[in-house]
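Enquirer: Enclosed is the structure file run_37.cif (mmCIF, C-alpha atoms and all ligand atoms).
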```cif
data_my_file
#
loop_
_atom_site.label_atom_id
_atom_site.label_comp_id
_atom_site.auth_asym_id
_atom_site.auth_seq_id
_atom_site.Cartn_x
_atom_site.Cartn_y
_atom_site.Cartn_z
CA MET R 1 -1.02 7.84 7.32
CA GLN R 2 -4.50 6.51 7.03
CA ARG R 3 -4.59 3.07 5.47
CA LYS R 4 -6.42 3.21 2.17
CA LYS R 5 -9.76 1.54 2.26
CA TYR R 6 -11.11 -0.02 -0.88
CA GLY R 7 -14.55 -1.38 -1.40
CA ARG R 8 -14.00 -5.06 -1.88
CA ILE R 9 -16.70 -6.72 -3.87
CA ILE R 10 -17.02 -10.43 -4.07
CA ILE R 11 -19.74 -11.93 -6.13
CA GLY R 12 -21.69 -14.86 -4.79
CA THR R 13 -20.40 -16.35 -1.62
CA LEU R 14 -20.16 -13.03 0.15
CA CYS R 15 -22.77 -10.51 -0.74
CA PHE R 16 -22.17 -7.77 -3.18
CA ALA R 17 -21.08 -5.36 -0.52
CA ALA R 18 -22.15 -2.04 -1.08
CA LEU R 19 -23.81 1.74 -5.85
CA LEU R 20 -28.08 8.12 -9.24
CA ALA R 21 -31.65 12.81 -10.53
CA GLY R 22 -33.68 12.92 -13.44
CA CYS R 23 -32.84 14.86 -16.53
CA SER R 24 -35.26 14.87 -19.36
CA GLN R 25 -33.23 16.73 -21.96
CA LYS R 26 -29.95 15.08 -22.50
CA LYS R 27 -27.90 14.22 -25.46
CA LYS R 28 -28.05 10.50 -25.89
CA SER R 29 -26.79 9.95 -29.38
CA GLY R 30 -23.70 7.81 -29.71
CA GLU R 31 -23.74 6.76 -26.09
CA THR R 32 -24.74 3.21 -26.71
CA SER R 33 -23.52 2.17 -30.10
CA GLY R 34 -19.73 2.04 -29.85
CA GLN R 35 -17.26 -0.78 -29.58
CA ASP R 36 -18.19 -1.69 -26.00
CA TYR R 37 -21.86 -2.17 -26.87
CA ASN R 38 -21.67 -5.95 -27.06
CA LYS R 39 -19.44 -6.38 -24.03
CA PHE R 40 -20.87 -7.32 -20.67
CA LEU R 41 -19.39 -4.74 -18.29
CA PRO R 42 -19.56 -5.67 -14.61
CA MET R 43 -19.59 -2.54 -12.45
CA ILE R 44 -17.43 -2.69 -9.36
CA ASN R 45 -15.38 -0.02 -7.62
CA ILE R 46 -12.51 -0.26 -10.03
CA THR R 47 -12.43 -0.29 -13.85
CA GLU R 48 -10.01 0.31 -16.71
CA SER R 49 -9.74 2.04 -20.09
CA GLU R 50 -6.96 1.49 -22.60
CA GLU R 51 -4.91 4.19 -20.85
CA GLY R 52 -5.54 3.70 -17.20
CA VAL R 53 -7.41 2.51 -14.16
CA TYR R 54 -10.25 4.35 -12.39
CA TYR R 55 -11.35 3.63 -8.87
CA VAL R 56 -12.92 5.07 -5.77
CA GLN R 57 -10.95 5.69 -2.62
CA GLN R 58 -12.39 6.37 0.77
CA VAL R 59 -10.54 9.15 2.56
CA GLN R 60 -10.60 10.35 6.12
CA ASP R 61 -8.71 13.46 7.08
CA ASP R 62 -8.90 15.56 10.22
CA ILE R 63 -12.03 17.39 9.09
CA ASN R 64 -13.84 15.22 6.57
CA ASP R 65 -14.86 11.76 5.57
CA TYR R 66 -15.36 11.48 1.82
CA MET R 67 -14.94 9.40 -1.33
CA VAL R 68 -12.75 10.43 -4.22
CA LEU R 69 -12.53 9.28 -7.84
CA LYS R 70 -8.97 8.46 -8.78
CA TYR R 71 -7.02 7.58 -11.90
CA ALA R 72 -3.78 5.63 -12.32
CA ASP R 73 -2.00 5.79 -15.68
CA LYS R 74 -1.05 2.35 -16.99
CA ASN R 75 2.18 3.48 -18.67
CA SER R 76 3.64 5.81 -16.07
CA ALA R 77 2.11 4.10 -13.00
CA LYS R 78 1.29 7.56 -11.60
CA GLU R 79 -1.98 8.04 -9.79
CA THR R 80 -3.96 11.28 -9.39
CA VAL R 81 -7.44 12.49 -8.48
CA LEU R 82 -9.62 12.55 -11.64
CA CYS R 83 -9.95 16.34 -11.52
CA GLN R 84 -8.69 19.08 -13.88
CA LYS R 85 -9.47 22.04 -11.61
CA VAL R 86 -6.44 24.22 -10.96
CA ASN R 87 -5.42 24.47 -7.30
CA CYS R 88 -8.20 22.08 -6.24
CA LYS R 89 -7.60 20.40 -2.90
CA HIS R 90 -9.99 17.54 -3.76
CA ASN R 91 -11.30 17.44 -0.21
CA SER R 92 -14.88 18.71 -0.54
CA GLU R 93 -17.77 18.55 -3.01
CA GLU R 94 -16.37 21.71 -4.63
CA CYS R 95 -14.26 19.12 -6.44
CA GLN R 96 -16.26 17.16 -8.98
CA ALA R 97 -14.30 13.99 -8.25
CA VAL R 98 -15.45 14.02 -4.61
CA VAL R 99 -18.63 13.01 -2.81
CA GLY R 100 -19.13 13.90 0.83
CA GLU R 101 -19.71 11.71 3.82
CA THR R 102 -23.47 11.36 3.32
CA SER R 103 -22.93 9.97 -0.18
CA TYR R 104 -21.65 6.73 -1.61
CA MET R 105 -19.83 6.52 -4.95
CA GLY R 106 -18.89 3.35 -6.78
CA PHE R 107 -20.02 0.71 -9.28
CA MET R 108 -18.12 2.04 -12.24
CA THR R 109 -17.37 1.01 -15.78
CA CYS R 110 -15.82 2.55 -18.84
CA MET R 111 -17.95 2.44 -21.99
CA ASP R 112 -17.09 3.99 -25.33
CA GLY R 113 -14.73 6.56 -23.92
CA ARG R 114 -16.77 7.65 -20.92
CA LEU R 115 -16.76 6.56 -17.34
CA TYR R 116 -20.10 5.65 -15.75
CA TYR R 117 -20.63 5.33 -12.03
CA MET R 118 -23.32 5.40 -9.38
CA VAL R 119 -23.82 7.77 -6.48
CA SER R 120 -26.31 7.36 -3.68
CA LYS R 121 -27.01 10.43 -1.57
CA SER R 122 -28.51 10.17 1.85
CA GLY R 123 -27.89 13.68 3.18
CA GLU R 124 -30.38 16.54 3.41
CA ASP R 125 -30.38 17.49 -0.27
CA ASP R 126 -30.91 15.46 -3.43
CA VAL R 127 -31.53 12.20 -1.57
CA GLY R 128 -31.57 9.43 -4.11
CA LEU R 129 -29.71 7.05 -6.34
CA TYR R 130 -28.05 8.46 -9.47
CA LEU R 131 -26.13 7.35 -12.55
CA TYR R 132 -23.38 9.77 -13.58
CA SER R 133 -20.97 9.83 -16.48
CA VAL R 134 -17.76 11.77 -16.98
CA ASN R 135 -15.07 11.99 -19.67
CA LYS R 136 -12.03 9.85 -19.12
CA ASP R 137 -10.02 13.01 -18.31
CA GLY R 138 -12.44 14.00 -15.58
CA THR R 139 -14.20 16.77 -17.56
CA ASP R 140 -17.87 17.07 -18.63
CA LYS R 141 -19.47 15.36 -15.65
CA LYS R 142 -23.17 14.66 -16.27
CA GLN R 143 -26.04 13.31 -14.27
CA VAL R 144 -27.49 10.66 -16.57
CA HIS R 145 -30.43 9.38 -14.54
CA LYS R 146 -32.12 9.46 -11.15
CA PHE R 147 -33.72 6.27 -9.95
CA GLU R 148 -36.94 7.54 -8.40
CA GLY R 149 -37.85 6.14 -5.03
CA ARG R 150 -34.41 4.59 -4.50
CA ARG R 151 -31.72 5.89 -2.25
CA THR R 152 -29.47 3.08 -1.11
CA PRO R 153 -26.53 1.90 -3.17
CA PRO R 154 -27.39 -1.16 -5.26
CA ASN R 155 -26.04 -4.56 -4.32
CA ALA R 156 -24.66 -5.03 -7.82
CA ALA R 157 -24.67 -3.27 -11.18
CA SER R 158 -23.71 -4.16 -14.76
CA MET R 159 -23.84 -2.47 -18.14
CA TYR R 160 -24.72 -4.42 -21.27
CA ARG R 161 -25.94 -3.40 -24.73
CA GLY R 162 -26.74 0.15 -23.68
CA LYS R 163 -28.63 -0.93 -20.60
CA LEU R 164 -27.83 -0.69 -16.93
CA PHE R 165 -28.90 -3.58 -14.74
CA LEU R 166 -29.20 -3.11 -10.99
CA SER R 167 -29.86 -5.39 -8.07
CA ILE R 168 -31.39 -3.00 -5.57
CA PRO R 169 -33.36 -3.21 -2.34
CA THR R 170 -36.66 -1.40 -1.97
CA ILE R 171 -36.83 0.84 1.08
CA VAL R 172 -40.12 0.96 2.89
CA GLU R 173 -40.75 4.04 5.05
CA PHE R 174 -43.24 3.68 7.86
CA GLU R 175 -45.84 6.43 7.90
CA ASP R 176 -45.65 6.87 11.65
CA GLY R 177 -42.05 8.02 11.29
CA SER R 178 -40.71 5.11 13.30
CA GLY R 179 -38.07 4.41 10.67
CA SER R 180 -37.67 2.40 7.53
CA GLU R 181 -36.71 -1.07 6.47
CA SER R 182 -35.28 -2.55 3.32
CA SER R 183 -36.44 -5.67 1.60
CA PHE R 184 -34.59 -8.16 -0.57
CA PRO R 185 -33.46 -6.70 -3.89
CA VAL R 186 -35.40 -6.28 -7.10
CA LEU R 187 -33.82 -6.43 -10.55
CA VAL R 188 -34.06 -3.15 -12.46
CA MET R 189 -33.14 -2.45 -16.10
CA TYR R 190 -32.45 1.14 -17.20
CA ASP R 191 -32.13 1.82 -20.94
CA LEU R 192 -29.64 4.64 -21.59
CA LEU R 193 -31.01 5.25 -25.08
CA THR R 194 -34.73 5.51 -24.27
CA ASP R 195 -34.36 6.66 -20.63
CA GLU R 196 -36.79 3.92 -19.67
CA GLU R 197 -36.67 2.07 -16.35
CA THR R 198 -38.14 -1.43 -16.05
CA GLU R 199 -38.46 -3.66 -13.00
CA ILE R 200 -37.62 -7.13 -14.28
CA LEU R 201 -38.18 -8.98 -11.02
CA GLU R 202 -39.96 -7.93 -7.87
CA ASP R 203 -38.55 -8.59 -4.43
CA ARG R 204 -39.20 -11.95 -2.91
CA ASP R 205 -38.53 -12.89 0.67
CA SER R 206 -34.97 -14.09 1.31
CA ILE R 207 -34.13 -14.35 -2.41
CA TYR R 208 -31.11 -12.37 -3.46
CA THR R 209 -30.99 -11.32 -7.13
CA VAL R 210 -27.86 -10.27 -9.01
CA PRO R 211 -27.21 -9.47 -12.71
CA CYS R 212 -24.11 -11.43 -13.69
CA GLY R 213 -23.62 -11.77 -17.46
CA GLY R 214 -24.77 -11.00 -20.99
CA SER R 215 -25.45 -13.19 -24.02
CA GLY R 216 -27.02 -11.91 -27.24
CA ASP R 217 -30.11 -9.84 -26.38
CA SER R 218 -30.36 -11.35 -22.92
CA ILE R 219 -28.75 -11.12 -19.53
CA TYR R 220 -27.88 -13.79 -17.04
CA PHE R 221 -28.81 -13.19 -13.44
CA LEU R 222 -28.42 -15.12 -10.22
CA GLU R 223 -31.02 -15.94 -7.66
CA MET R 224 -29.65 -17.04 -4.31
CA ASP R 225 -31.55 -18.22 -1.31
CA TYR R 226 -30.41 -16.70 1.94
CA GLY R 227 -33.30 -18.25 3.79
CA GLY R 228 -31.28 -21.28 4.79
CA ASP R 229 -31.60 -23.64 1.85
CA ASN R 230 -28.37 -22.50 0.20
CA TRP R 231 -29.58 -22.94 -3.38
CA LEU R 232 -28.64 -20.85 -6.34
CA LYS R 233 -30.06 -20.56 -9.84
CA TYR R 234 -28.61 -19.00 -12.93
CA ARG R 235 -31.48 -17.60 -15.00
CA GLN R 236 -31.63 -15.80 -18.32
CA TYR R 237 -33.82 -12.80 -19.18
CA ASP R 238 -34.44 -11.94 -22.82
CA PHE R 239 -35.04 -8.22 -23.01
CA HIS R 240 -36.98 -8.44 -26.25
CA THR R 241 -39.34 -11.31 -25.50
CA LYS R 242 -39.27 -10.64 -21.71
CA GLU R 243 -38.98 -14.37 -21.15
CA ILE R 244 -37.10 -15.77 -18.17
CA ARG R 245 -35.69 -19.28 -18.17
CA ASP R 246 -33.53 -21.36 -15.83
CA VAL R 247 -30.10 -22.28 -17.13
CA PHE R 248 -28.20 -23.75 -14.16
CA ASP R 249 -28.92 -24.96 -10.62
CA GLY R 250 -26.20 -24.93 -8.00
CA GLU R 251 -25.26 -23.83 -4.53
CA VAL R 252 -24.66 -20.30 -3.23
CA GLU R 253 -20.89 -20.92 -3.50
CA ASP R 254 -21.26 -21.21 -7.27
CA GLY R 255 -22.23 -17.53 -7.62
CA GLN R 256 -20.02 -15.51 -9.99
CA PHE R 257 -19.98 -13.44 -13.16
CA VAL R 258 -20.69 -15.21 -16.44
CA LEU R 259 -18.22 -14.34 -19.16
CA ASP R 260 -18.54 -15.84 -22.66
CA ASP R 261 -21.50 -17.90 -21.37
CA THR R 262 -19.09 -19.72 -19.06
CA ILE R 263 -19.03 -20.27 -15.31
CA PHE R 264 -16.45 -22.03 -13.16
CA LEU R 265 -17.23 -24.85 -10.82
CA GLN R 266 -15.30 -26.25 -7.88
CA SER R 267 -15.21 -29.99 -7.37
CA ASP R 268 -16.71 -31.70 -4.32
CA GLU R 269 -13.23 -32.96 -3.44
CA LYS R 270 -11.91 -29.36 -3.48
CA ASP R 271 -9.02 -30.25 -5.73
CA LYS R 272 -10.17 -29.28 -9.23
CA VAL R 273 -11.77 -26.45 -11.17
CA GLU R 274 -14.03 -26.99 -14.15
CA THR R 275 -15.67 -24.67 -16.64
CA TYR R 276 -19.31 -25.08 -17.60
CA ASN R 277 -20.78 -23.45 -20.68
CA LEU R 278 -24.38 -22.38 -20.03
CA LYS R 279 -25.14 -22.43 -23.76
CA THR R 280 -23.53 -25.65 -24.90
CA LYS R 281 -23.77 -27.37 -21.46
CA LYS R 282 -20.21 -28.61 -21.98
CA ARG R 283 -18.01 -29.24 -18.93
CA GLU R 284 -14.23 -29.05 -19.04
CA GLU R 285 -11.55 -29.43 -16.40
CA ILE R 286 -9.18 -26.45 -16.44
CA LEU R 287 -7.15 -26.84 -13.26
CA THR R 288 -5.96 -29.66 -11.07
CA CYS R 289 -4.62 -28.27 -7.81
CA ASP R 290 -1.51 -29.66 -6.11
CA GLU R 291 -3.00 -28.99 -2.69
CA LYS R 292 -6.62 -29.04 -1.66
CA TYR R 293 -8.41 -25.77 -1.07
CA ASP R 294 -11.31 -25.02 1.27
CA PHE R 295 -13.22 -22.82 -1.12
CA ILE R 296 -12.78 -20.68 -4.20
CA TYR R 297 -13.62 -17.16 -5.34
CA PHE R 298 -13.99 -16.66 -9.07
CA LYS R 299 -12.92 -13.22 -10.22
CA ILE R 300 -12.83 -11.57 -13.63
CA GLY R 301 -9.71 -13.16 -15.11
CA TRP R 302 -8.43 -15.09 -12.13
CA ILE R 303 -9.34 -17.64 -9.48
CA GLU R 304 -8.65 -17.35 -5.76
CA LEU R 305 -8.03 -20.63 -4.02
CA VAL R 306 -8.62 -20.14 -0.31
CA ARG R 307 -7.38 -22.20 2.62
CA ARG R 308 -8.96 -21.47 5.96
CA THR R 309 -7.35 -22.00 9.35
CA LYS R 310 -8.63 -21.23 12.81
CA ASP R 311 -6.95 -18.57 14.88
CA GLY R 312 -8.76 -18.95 18.18
CA ASP R 313 -12.39 -18.19 17.37
CA ARG R 314 -11.47 -16.34 14.23
CA ASN R 315 -11.00 -17.62 10.71
CA LYS R 316 -7.73 -16.87 9.04
CA ASP R 317 -7.79 -17.20 5.25
CA PHE R 318 -4.83 -17.77 2.96
CA TYR R 319 -5.08 -17.06 -0.76
CA LYS R 320 -3.42 -18.42 -3.86
CA TYR R 321 -4.15 -16.71 -7.18
CA TYR R 322 -4.45 -18.43 -10.56
CA ASP R 323 -4.53 -16.60 -13.91
CA ILE R 324 -7.12 -18.24 -16.14
CA ALA R 325 -5.77 -17.13 -19.54
CA GLU R 326 -2.10 -17.76 -18.78
CA LYS R 327 -2.88 -20.99 -16.88
CA GLN R 328 -0.40 -20.19 -14.12
CA TYR R 329 -0.30 -19.10 -10.50
CA LEU R 330 0.56 -15.47 -9.78
CA PHE R 331 2.71 -16.33 -6.77
CA ASP R 332 4.05 -19.57 -5.36
CA ASP R 333 2.51 -19.58 -1.92
CA PHE R 334 -0.77 -19.14 -0.12
CA GLU R 335 -0.76 -15.74 1.62
CA PRO R 336 -3.22 -13.79 3.77
CA ASP R 337 -5.05 -11.02 1.86
CA THR R 338 -3.86 -8.53 4.44
CA GLU R 339 -0.42 -8.97 2.91
CA VAL R 340 -1.19 -9.45 -0.76
CA PHE R 341 -4.50 -8.36 -2.24
CA VAL R 342 -5.26 -8.65 -5.96
CA ARG R 343 -7.67 -5.92 -7.08
CA LEU R 344 -7.88 -6.08 -10.89
CA ARG R 345 -6.55 -7.89 -13.91
CA PHE R 346 -5.93 -5.52 -16.82
CA ASP R 347 -6.85 -6.47 -20.38
CA ASP R 348 -3.11 -6.65 -21.16
CA GLY R 349 -2.63 -9.36 -18.52
CA ARG R 350 -0.95 -7.26 -15.83
CA TYR R 351 -2.43 -7.02 -12.36
CA TRP R 352 -3.13 -4.29 -9.82
CA VAL R 353 -1.91 -5.70 -6.51
CA GLU R 354 -1.84 -4.23 -3.01
CA LYS R 355 1.16 -5.42 -1.07
CA ASP R 356 2.30 -4.20 2.34
CA ASP R 357 0.05 -1.10 2.07
CA GLN R 358 1.54 -0.11 -1.29
CA SER R 359 -0.05 -0.36 -4.77
CA TYR R 360 1.80 -2.09 -7.59
CA PHE R 361 1.30 -3.11 -11.20
CA TYR R 362 2.42 -6.73 -11.29
CA ASP R 363 3.49 -8.30 -14.56
CA LEU R 364 2.98 -12.02 -14.51
CA LYS R 365 5.17 -12.61 -17.58
CA ASP R 366 8.43 -11.47 -15.97
CA LYS R 367 7.18 -11.37 -12.36
CA SER R 368 8.13 -7.67 -12.16
CA TRP R 369 6.62 -5.14 -9.79
CA THR R 370 6.09 -1.46 -10.64
CA GLU R 371 5.25 0.79 -7.72
CA VAL R 372 2.24 3.06 -8.26
CA GLU R 373 3.28 6.59 -7.36
CA GLU R 374 0.73 9.02 -5.97
CA ILE R 375 0.88 12.56 -7.42
CA LYS R 376 -0.71 15.05 -5.04
ZN ZN G 401 -10.48 18.40 -7.40
#
```
I need this file expressed as structure tokens, please.
Ligand SMILES: [Zn+2]
Expert:
Amino acid sequence: MQRKKYGRIIIGTLCFAALLAGCSQKKKSGETSGQDYNKFLPMINITESEEGVYYVQQVQDDINDYMVLKYADKNSAKETVLCQKVNCKHNSEECQAVVGETSYMGFMTCMDGRLYYMVSKSGEDDVGLYLYSVNKDGTDKKQVHKFEGRRTPPNAASMYRGKLFLSIPTIVEFEDGSGSESSFPVLVMYDLLTDEETEILEDRDSIYTVPCGGSGDSIYFLEMDYGGDNWLKYRQYDFHTKEIRDVFDGEVEDGQFVLDDTIFLQSDEKDKVETYNLKTKKREEILTCDEKYDFIYFKIGWIELVRRTKDGDRNKDFYKYYDIAEKQYLFDDFEPDTEVFVRLRFDDGRYWVEKDDQSYFYDLKDKSWTEVEEIK
């Protein structure tokens, strides 16, 4: 059986690996005013609703290469393709949960009962970058917006206060037909209510731009220098006044999402983790590690302490996971992510974990594992 491949997205230290056709008459009312309106919703390749988890899986069979939208129920731990069509084989674009090999699907979030995600199409037809939405049961799929002149997946995407924020490279086509090249990303804001698209920041050489948090009527975004100087800036953009201001200077390793105006910082000695509030400028130590780490990844709800060893010329990384809310480690030991890979922390505190090529819901409270069962 083909090993499942999941898009792994790490903010900051690694790039945001790898995420819509115009419609002028669409029903917009109610889309942006519900309970999720004030939440900053990072868009990655996996997201959750109260009932379940939605994600994209890359599939290769004998004939095709495609991406499929899947759903795993949180109560029953059963996973299915997000498709209601009777007798559907879910292996071609006849299925609305599938995009073919010339398309990319990902960057999803659940907002006010609907799932939003991005598709970039690079095949013969409909080339472009699109925002789609679909009901949580997989019905009523709609094309919400086409980003004109864009066709690659964005580097990062987030939804906040009825607006979609994208970090996206501009593609320049040479007129002589010799090819095309992409530049460093621009920051684009798309308003779901007014259907208006605004370029907040233009591309600048070697500066990488990423939306990473929301606060009041503003967003936080990161600027990272990949030109060799290794600096990073957290900046804030007010979408009413259009003002941009600097809120934190750091190094590229400090790149992460901002939740509740807070970022996490690793100590120079690699033995502590602190929080830093961008609003109040207050620093607080939240974790003293028993063993030193080499570096840290900050995820939404947990921290990954990483120890790196050399295996010949190759790096071999070992991970230890720490739950921020529960203030405890998920497992006792450092392990390679080829053996244990944490994908998502649910709002109820459970985790989606990949272990030995099998998916599980892991409950930190009683350390129990529930196998996720695939329903064909
Ligand atoms: Zn189907």
Enquirer: Measuring between all atoms listed in the file, which one of R:Asp337, R:Met43, R:Ile296, R:Glu101 shows the shortest distance to Met118 in chain R?
Expert: R:Met43
Enquirer: Could you jot down the CA of Gly312 in chain R to CA of Asp294 in chain R separation for me, Å, one decimal place?
Expert: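 Computing the Euclidean distance for CA of Gly312 in chain R and CA of Asp294 in chain R yields 18.1 Å.
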Enquirer: At a cut-off of 9 Å around ligand ZN 401 (chain G), and using all atoms listed in the file, what residues come up? Please write them as a short mmCIF file (atom, residue, chain, number, x, y, z; two decimals) with C-alpha atoms, keeping the file's coordinate frame.
Expert:
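Output (out_1.cif):
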```
data_model
loop_
_atom_site.label_atom_id
_atom_site.label_comp_id
_atom_site.auth_asym_id
_atom_site.auth_seq_id
_atom_site.Cartn_x
_atom_site.Cartn_y
_atom_site.Cartn_z
CA VAL R 68 -12.75 10.43 -4.22
CA VAL R 81 -7.44 12.49 -8.48
CA LEU R 82 -9.62 12.55 -11.64
CA CYS R 83 -9.95 16.34 -11.52
CA GLN R 84 -8.69 19.08 -13.88
CA LYS R 85 -9.47 22.04 -11.61
CA VAL R 86 -6.44 24.22 -10.96
CA ASN R 87 -5.42 24.47 -7.30
CA CYS R 88 -8.20 22.08 -6.24
CA LYS R 89 -7.60 20.40 -2.90
CA HIS R 90 -9.99 17.54 -3.76
CA ASN R 91 -11.30 17.44 -0.21
CA SER R 92 -14.88 18.71 -0.54
CA GLU R 93 -17.77 18.55 -3.01
CA GLU R 94 -16.37 21.71 -4.63
CA CYS R 95 -14.26 19.12 -6.44
CA GLN R 96 -16.26 17.16 -8.98
CA ALA R 97 -14.30 13.99 -8.25
CA VAL R 98 -15.45 14.02 -4.61
#
```
Enquirer: Taking all atoms listed in the file into account, which of R:Leu344, R:Ile219, R:Ala325, R:Leu330 comes nearest Asp363 in chain R?
Expert: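 Of R:Leu344, R:Ile219, R:Ala325, R:Leu330, the one nearest Asp363 in chain R is R:Leu330, counting all atoms listed in the file.
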Enquirer: In file coordinates, which residues lie within 12 Å of (-14.5, 14.1, -21.6) using all atoms listed in the file, given as a CSV table (one decimal) with C-alpha atoms, in the coordinates of the input?
Expert:
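To be explicit, this is the file written out as out.csv:
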```csv
chain,number,residue,atom,x,y,z
R,82,LEU,CA,-9.6,12.6,-11.6
R,83,CYS,CA,-10.0,16.3,-11.5
R,84,GLN,CA,-8.7,19.1,-13.9
R,110,CYS,CA,-15.8,2.6,-18.8
R,112,ASP,CA,-17.1,4.0,-25.3
R,113,GLY,CA,-14.7,6.6,-23.9
R,114,ARG,CA,-16.8,7.6,-20.9
R,115,LEU,CA,-16.8,6.6,-17.3
R,116,TYR,CA,-20.1,5.6,-15.8
R,133,SER,CA,-21.0,9.8,-16.5
R,134,VAL,CA,-17.8,11.8,-17.0
R,135,ASN,CA,-15.1,12.0,-19.7
R,136,LYS,CA,-12.0,9.8,-19.1
R,137,ASP,CA,-10.0,13.0,-18.3
R,138,GLY,CA,-12.4,14.0,-15.6
R,139,THR,CA,-14.2,16.8,-17.6
R,140,ASP,CA,-17.9,17.1,-18.6
R,141,LYS,CA,-19.5,15.4,-15.6
R,142,LYS,CA,-23.2,14.7,-16.3
```
Enquirer: Rounded to one decimal, what separation in Å do you get between CA of Val53 in chain R and CA of Asp73 in chain R?
Expert: 6.5 Å
Enquirer: Counting all atoms listed in the file, which of R:Asp260, R:Asp311, R:Asp271, R:Glu48 gets nearest to Trp352 in chain R?
Expert: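 Closest to Trp352 in chain R of all the choices is R:Glu48.
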Enquirer: Pick the closest to Leu364 in chain R from R:Phe334, R:Tyr329, R:Phe239, R:Phe318: which is it, counting all atoms listed in the file?
Expert: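 Among R:Phe334, R:Tyr329, R:Phe239, R:Phe318, it is R:Tyr329 that comes nearest to Leu364 in chain R.
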Enquirer: Just the number, please: distance in Å from CA of Val119 in chain R to CA of Val144 in chain R, one decimal.
Expert: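 Spanning CA of Val119 in chain R to CA of Val144 in chain R is a straight-line distance of 11.1 Å.
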Enquirer: Counting all atoms listed in the file, which of R:Tyr130, R:Phe184, R:Phe40, R:Tyr319 gets nearest to Met111 in chain R?
Expert: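 Result for the nearest residue to Met111 in chain R: R:Phe40.
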Enquirer: Find the residues near Lys121 in chain R: any atom within 10 Å, counting all atoms listed in the file, skip ones fewer than 6 places away on the same chain, and give them as a list in words.
Expert: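 My list of contacting residues is Leu20, Val99, Gly100, Glu101, Thr102, Ser103, Tyr104, Met105, Val127, Gly128, Leu129, Tyr130, Arg150, Arg151, Thr152 and Pro153 of chain R.
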Enquirer: When distances are computed from all atoms listed in the file, which of R:Thr262, R:Thr241, R:Asn75, R:Ser167 shows the smallest separation from Pro185 in chain R?
Expert: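 Using all atoms listed in the file, Pro185 in chain R sits closest to R:Ser167.
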Enquirer: Can you pull out every residue within 10 Å of Leu232 in chain R, counting only C-alpha atoms, but drop anything in the same chain fewer than 3 positions away, and send it as a ChimeraX atom specification?
Expert: /R:12,207-209,222-226,229,235,248-255
Enquirer: Mind checking which residues fall within 7 Å of range 278-286 of chain R, counting all atoms listed in the file, ignoring those fewer than 4 positions away in the same chain, and posting them as a PDB file with C-alpha atoms, keeping the file's coordinate frame?
Expert:
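Okay, this is what ended up in around15.pdb:
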```pdb
ATOM      1  CA  VAL R 247     -30.100 -22.280 -17.130  1.00  0.00           C
ATOM      2  CA  ASP R 261     -21.500 -17.900 -21.370  1.00  0.00           C
ATOM      3  CA  THR R 262     -19.090 -19.720 -19.060  1.00  0.00           C
ATOM      4  CA  VAL R 273     -11.770 -26.450 -11.170  1.00  0.00           C
ATOM      5  CA  GLU R 274     -14.030 -26.990 -14.150  1.00  0.00           C
TER       6      GLU R 274
END
```
Enquirer: With a distance cut-off of 12 Å and all atoms listed in the file, select the neighbouring residues of Ile300 in chain R, excluding the residue or stretch itself and same-chain residues fewer than 5 positions from it, and output the selection as an MDAnalysis selection string.
Expert: chainID R and resid 9:11 40:44 46:47 212:213 256:260 262:264 321:325 342:347 349 351
